[in-house]
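*Asks:* Structure in structure tokens, see below.
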Amino acid sequence: MSQTQIESTRSKIRLSACAWLASSAALALLACGGEVEESPPSDKQLDLVADGSPELERLQREVPVVENLQRAFPGAHAQMQNGRVSRLFGTVLGSGATPDQAADSFRDAMIAAHRAAAGDLRPVRQRRTERGTFEFVAKPEPIGLMFDAATSQYGYFLYRYAQQVTGIPVFDAELLVLVKNEPGNPVVWANNSLRNIAAFTPPRAPRALGVDGAKSLAAVQAHVLEHALAEPTPESLDRFEAPELVIFAGAEDQDAAPRLAMAYLTESAGGAGKFRLVADASTGDILNVESLTLSLNVPGDVRGNATNSHTSAECGAETSQAMPYAEVGISGGSSGFTSQAGFFLLPNPGTTPVNVNSTLQGNYFDISNLQGANVSLTQSVTPPNQAHFLHNAADNQEFVIAQANAYFHVNKARDFLLGYIPSYPTIASQTNFPILVNGDGTNSPGLCPGNAWYQGSNLLFCVRSSSQPNTAYGTVVYHEFGHHIVSSGGSGQGEYGEGMGDVIAALVTEQPRLGAGWDVNNCDSNLRTADNDCQFDAANCSSCGSEVHDCGNLLSGVIWDLRQQLMISNPSNFRDLLNALTLNSIPLHTGTSIGPSIAVDFLTLDDNDGNISNGTPHGAQICAAFAAHGISCPLAPSTPCAGICSNPVVFSWTGSYQSGALGTGAVCRETTHPVAGGNCGNFSGGRTLSVNGTVMPCNNQNWSFLPPARNGGYCVSTTPGNQPWAFFTLF
């Protein structure tokens, strides 16, 4: 149920090839199959797109970007994707007197590596336009990430630049730069999808750009059929927006010979589908199609006005919940919005009785009932007496329940996001975003009943069907708003959007089931669960399937496993750690795929010294979660206690090591000092001591064996218990 790019419905995850530093002088490139080249690839070894175009190969050879980047950033780690460096990370990549200067300086280095002109990479607003391009701005507009409520400071600033040639934007070509907010403003990470077209000179543009309706319809029909999209195959296209001139040199991680092109939007008859097309500016031939109406077949139940749980109204009890930011007003007088807690104060002169009106049209979201009038309540109040409104008081009408629940849950999702990233692009300042409820197929042709949709400019939830409940409820709302978070953050959708939508639902509810109460009269049913063991499959996306929703299980499974890891290592603050890392990673992502680049993003955000090569505070937990689903974690921290116990005390010695009294709590200590043997004693009541995960005898006698070294050393851990004077010795 996403929306904003479904070309991304590709069935396979494209695992980026990883690259890391082999020496201080060169990057060693790791291919997808795991084969490491001992030297940088030559131009002929680069994974060029075989589209049969000599022009593309010529341009790739004329600008050897990989070699230039090696020289510009000799200490960097890199990930390769389709012959192009997609991520730079792992060390300080640059710095500046201010964050803006640091980001611009790195941008200039990337321009030089591509041998492009100085103005070919310009700052842009963080969110793409609906046509898929960016709006250029005069000065950078960074996003603050990893907000610290205690200091009211952001840990990082994310900058976004887009590529252009002779003033014409290059489609799907951008650079994201992450600057750490500390003295020196180090650049610690970059996401690169720039096109290698510095040697390309655009031809003269046609006097007028003309859209070919027949070619557009044929391409859209083929796209819907090829990707098995949820929306019906359109029989006609009834609206075309004015095209915008672009340079097309490929989309996502696929390169193509550059050409002058035009980007435009179109809708199928009746508005059942919306599409973004890129076509050759001269011939009208279609070069790229993306669906902007992505669906989630998540029929579920709606809660009553105050159902604040993840299950459907049929499966959970209703209680009174506050309606935040809702519009209230005095007839002929003042108006305003409730607070986050649902309170309001309306200015009014005198004590004459007045009529006060309350709706579910709020400051940030407007609910539109497609089955008739929107809910509205009116009370006569004599000031200063209070007015108390309860929407959906009867809790027995589907169309009213849908309005109340959609409003409550979408505001809850927004508050959740902004609690961690107060300046999140678009959403932080967006008002009156439409939420359409009770679609029935007549008022939403081809989309309802039984579905939920994100359509870029709104969310749509459908009426109850014979087998599935009204979809305006809990986790379904969170999932769909998750697509809006992904889109506003600048990423594509596809498998990543579907997976992140499931993740948002799991983070908000703190439970793994999406669409609980999925089938009518079956409270044990659900659509998907983040508590899964889906494994990465390079050929078929994941072991859970190649369809985008099935593939998205891979991402939700990783995040849910990371939650379990952090619950053990950080029981007091695991929620904030998980939520902050996940939400702040979204603006770092581009494209639609799920792979090792996401692990790099998490490690970069988790890092505390600008160098993830020496580990990050929660790197062991992050890498364990990705590894549990078959995704290798780049630069995975490897320490003796990794995966055994958390926050180990590192120790060494001369002669022998005497632990001293261990107390009664759990113990976690590690050393890389050579160990020949040891002993332990005074353990009682079932308390145990382990070396590298192996339980050792604690009888005051020297051990008869010693487990082999682990990750270059030894981890000594104990369970809590008696006696406080328990000890161990190593020699």
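Please note that chains go A, B, ... in the order of the structure tokens, that every chain numbers its residues from 1, and that ligands are numbered from 1 in the order shown.
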Can you tell me, as a list in words, what residues are no more than 7 Å from range 464-467 of chain A when counting only C-alpha atoms, ignoring any on the same chain fewer than 3 positions away?

*Replies:*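 The contact residues come out as Pro449, Gly450, Asn470, Asp519 and Val520 of chain A.
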
*Asks:* Output the selection as a short mmCIF file (atom, residue, chain, number, x, y, z; two decimals), in the first residue's frame - N, CA and C atoms for each residue.

*Replies:*
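File written: result36.cif
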data_model
loop_
_atom_site.label_atom_id
_atom_site.label_comp_id
_atom_site.auth_asym_id
_atom_site.auth_seq_id
_atom_site.Cartn_x
_atom_site.Cartn_y
_atom_site.Cartn_z
N PRO A 449 -14.01 -2.02 -2.70
CA PRO A 449 -13.71 -2.05 -1.27
C PRO A 449 -12.55 -2.98 -0.95
N GLY A 450 -12.22 -3.04 0.34
CA GLY A 450 -11.26 -4.01 0.82
C GLY A 450 -9.81 -3.61 0.70
N ASN A 470 -13.75 -2.59 7.37
CA ASN A 470 -13.35 -1.26 6.93
C ASN A 470 -11.87 -1.07 7.26
N ASP A 519 -9.26 -10.81 8.82
CA ASP A 519 -10.46 -11.42 8.26
C ASP A 519 -11.64 -11.19 9.21
N VAL A 520 -12.79 -10.92 8.64
CA VAL A 520 -13.99 -10.69 9.44
C VAL A 520 -14.24 -11.89 10.35
#

*Asks:* Which residues, written as a PyMOL selection string, have at least one atom at most 8 Å from Lys180 in chain A, with only C-alpha atoms counted and residues fewer than 3 positions away on the same chain left out?

*Replies:* chain A and resi 99+155-157+185-188+610

*Asks:* Name the residues in contact with Asn526 in chain A at a cut-off of 9 Å, using only C-alpha atoms, excluding same-chain residues fewer than 2 positions from it; report them as a list in words.

*Replies:*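 What passes the distance filter is Val298, Gly300, Arg513, Leu514, Gly515, Ala516, Gly517, Trp518, Asp519, Asn522, Cys523, Asp524, Arg528 and Thr529 of chain A.
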
*Asks:* I'd like the contact shell of Ala249 in chain A - 8 Å cut-off, only C-alpha atoms, skipping same-chain residues fewer than 5 positions apart - returned as a ChimeraX atom specification.

*Replies:* /A:170-171,195,197,255-259

*Asks:* Print the selection's residues with N, CA and C atoms to a file, as a compact mmCIF listing (two decimals), in the first residue's frame.

*Replies:*
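Once everything was written out, this is part_7.txt:
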# COMPACT_ATOMS: atom_id res chain seq x y z
N VAL A 170 18.73 16.51 -14.23
CA VAL A 170 18.95 15.12 -14.63
C VAL A 170 18.02 14.24 -13.81
N PHE A 171 17.25 13.43 -14.47
CA PHE A 171 16.24 12.60 -13.79
C PHE A 171 16.93 11.58 -12.88
N ARG A 195 24.75 10.68 -12.32
CA ARG A 195 24.95 10.02 -13.61
C ARG A 195 26.28 10.46 -14.21
N ILE A 197 27.71 11.62 -16.85
CA ILE A 197 27.38 12.20 -18.16
C ILE A 197 28.00 13.57 -18.35
N ASP A 255 21.65 2.41 -15.68
CA ASP A 255 22.09 3.51 -16.52
C ASP A 255 21.59 3.33 -17.94
N ALA A 256 21.46 4.43 -18.65
CA ALA A 256 21.07 4.42 -20.05
C ALA A 256 21.79 5.55 -20.76
N ALA A 257 21.89 5.45 -22.07
CA ALA A 257 22.51 6.52 -22.82
C ALA A 257 21.73 7.81 -22.59
N PRO A 258 22.42 8.90 -22.26
CA PRO A 258 21.70 10.15 -21.93
C PRO A 258 20.98 10.73 -23.14
N ARG A 259 19.84 11.32 -22.89
CA ARG A 259 19.09 11.98 -23.96
C ARG A 259 18.20 13.05 -23.36

*Asks:* Which distance in Å separates CA of Tyr657 in chain A and CA of Ala642 in chain A, to one decimal?

*Replies:*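 According to the coordinates, CA of Tyr657 in chain A and CA of Ala642 in chain A are separated by 21.5 Å.
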
*Asks:* For each of A:Gln386, A:Ser334, A:Gln535, A:Ser86, take the minimum atom-to-atom distance to Glu174 in chain A, counting only C-alpha atoms, then give the residue where this is smallest.

*Replies:*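 Among A:Gln386, A:Ser334, A:Gln535, A:Ser86, it is A:Ser86 that comes nearest to Glu174 in chain A.
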
*Asks:* Check the smallest atom-to-atom distance from each of A:Thr352, A:Ser613, A:Thr293, A:Thr688 to Leu459 in chain A using only C-alpha atoms, then report the winner.

*Replies:*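 Using only C-alpha atoms, the shortest distance to Leu459 in chain A belongs to A:Thr293.
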
*Asks:* Mind dumping a table of every range 391-501 of chain A residue within 8 Å of range 141-148 of chain A, with the nearest atom pair and its distance in Å to one decimal, using only C-alpha atoms, sorted by chain and rising number, as JSON lines?

*Replies:*
{"residue": "A:Tyr420", "atom": "CA", "partner": "A:Phe147", "partner_atom": "CA", "distance": 6.2}
{"residue": "A:Ile421", "atom": "CA", "partner": "A:Phe147", "partner_atom": "CA", "distance": 6.2}
{"residue": "A:Pro422", "atom": "CA", "partner": "A:Phe147", "partner_atom": "CA", "distance": 7.8}
{"residue": "A:Ser423", "atom": "CA", "partner": "A:Gly144", "partner_atom": "CA", "distance": 6.7}
{"residue": "A:Tyr424", "atom": "CA", "partner": "A:Ile143", "partner_atom": "CA", "distance": 6.9}
{"residue": "A:Pro425", "atom": "CA", "partner": "A:Ile143", "partner_atom": "CA", "distance": 7.2}

*Asks:* Write the residues you've just listed into a file as a PDB file, in the first residue's frame, and include all heavy atoms for each of them.

*Replies:*
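File written: result_30.pdb
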ATOM      1  N   TYR A 420      10.725  12.347  17.162  1.00  0.00           N
ATOM      2  CA  TYR A 420      12.127  11.990  16.943  1.00  0.00           C
ATOM      3  C   TYR A 420      12.807  12.892  15.913  1.00  0.00           C
ATOM      4  O   TYR A 420      14.021  13.107  15.989  1.00  0.00           O
ATOM      5  CB  TYR A 420      12.224  10.519  16.499  1.00  0.00           C
ATOM      6  CG  TYR A 420      11.868   9.572  17.609  1.00  0.00           C
ATOM      7  CD1 TYR A 420      10.573   9.074  17.727  1.00  0.00           C
ATOM      8  CD2 TYR A 420      12.800   9.207  18.571  1.00  0.00           C
ATOM      9  CE1 TYR A 420      10.229   8.215  18.768  1.00  0.00           C
ATOM     10  CE2 TYR A 420      12.468   8.353  19.613  1.00  0.00           C
ATOM     11  CZ  TYR A 420      11.180   7.868  19.704  1.00  0.00           C
ATOM     12  OH  TYR A 420      10.850   7.031  20.742  1.00  0.00           O
ATOM     13  N   ILE A 421      12.051  13.413  14.946  1.00  0.00           N
ATOM     14  CA  ILE A 421      12.628  14.320  13.940  1.00  0.00           C
ATOM     15  C   ILE A 421      11.675  15.502  13.797  1.00  0.00           C
ATOM     16  O   ILE A 421      10.818  15.535  12.903  1.00  0.00           O
ATOM     17  CB  ILE A 421      12.820  13.624  12.577  1.00  0.00           C
ATOM     18  CG1 ILE A 421      13.472  12.244  12.746  1.00  0.00           C
ATOM     19  CG2 ILE A 421      13.680  14.493  11.660  1.00  0.00           C
ATOM     20  CD1 ILE A 421      13.672  11.497  11.452  1.00  0.00           C
ATOM     21  N   PRO A 422      11.774  16.500  14.668  1.00  0.00           N
ATOM     22  CA  PRO A 422      10.807  17.609  14.662  1.00  0.00           C
ATOM     23  C   PRO A 422      10.748  18.381  13.352  1.00  0.00           C
ATOM     24  O   PRO A 422       9.712  18.982  13.045  1.00  0.00           O
ATOM     25  CB  PRO A 422      11.304  18.508  15.805  1.00  0.00           C
ATOM     26  CG  PRO A 422      12.089  17.607  16.696  1.00  0.00           C
ATOM     27  CD  PRO A 422      12.737  16.612  15.780  1.00  0.00           C
ATOM     28  N   SER A 423      11.813  18.374  12.566  1.00  0.00           N
ATOM     29  CA  SER A 423      11.827  19.143  11.317  1.00  0.00           C
ATOM     30  C   SER A 423      11.707  18.243  10.100  1.00  0.00           C
ATOM     31  O   SER A 423      12.202  18.579   9.027  1.00  0.00           O
ATOM     32  CB  SER A 423      13.122  19.966  11.229  1.00  0.00           C
ATOM     33  OG  SER A 423      14.263  19.108  11.233  1.00  0.00           O
ATOM     34  N   TYR A 424      11.038  17.103  10.239  1.00  0.00           N
ATOM     35  CA  TYR A 424      10.963  16.147   9.126  1.00  0.00           C
ATOM     36  C   TYR A 424      10.403  16.826   7.879  1.00  0.00           C
ATOM     37  O   TYR A 424       9.419  17.576   7.949  1.00  0.00           O
ATOM     38  CB  TYR A 424      10.086  14.958   9.493  1.00  0.00           C
ATOM     39  CG  TYR A 424      10.335  13.756   8.604  1.00  0.00           C
ATOM     40  CD1 TYR A 424      11.361  12.869   8.894  1.00  0.00           C
ATOM     41  CD2 TYR A 424       9.567  13.536   7.474  1.00  0.00           C
ATOM     42  CE1 TYR A 424      11.605  11.773   8.091  1.00  0.00           C
ATOM     43  CE2 TYR A 424       9.808  12.442   6.652  1.00  0.00           C
ATOM     44  CZ  TYR A 424      10.829  11.560   6.965  1.00  0.00           C
ATOM     45  OH  TYR A 424      11.077  10.486   6.151  1.00  0.00           O
ATOM     46  N   PRO A 425      11.027  16.581   6.703  1.00  0.00           N
ATOM     47  CA  PRO A 425      10.600  17.271   5.482  1.00  0.00           C
ATOM     48  C   PRO A 425       9.103  17.118   5.210  1.00  0.00           C
ATOM     49  O   PRO A 425       8.519  16.065   5.447  1.00  0.00           O
ATOM     50  CB  PRO A 425      11.423  16.590   4.383  1.00  0.00           C
ATOM     51  CG  PRO A 425      12.593  16.017   5.082  1.00  0.00           C
ATOM     52  CD  PRO A 425      12.125  15.647   6.451  1.00  0.00           C
TER      53      PRO A 425
END

*Asks:* Rank nothing, just name the residue among A:Val177, A:Ala406, A:Arg87, A:Asn679 nearest to Gln658 in chain A, using only C-alpha atoms.

*Replies:*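 Closest candidate: A:Asn679.
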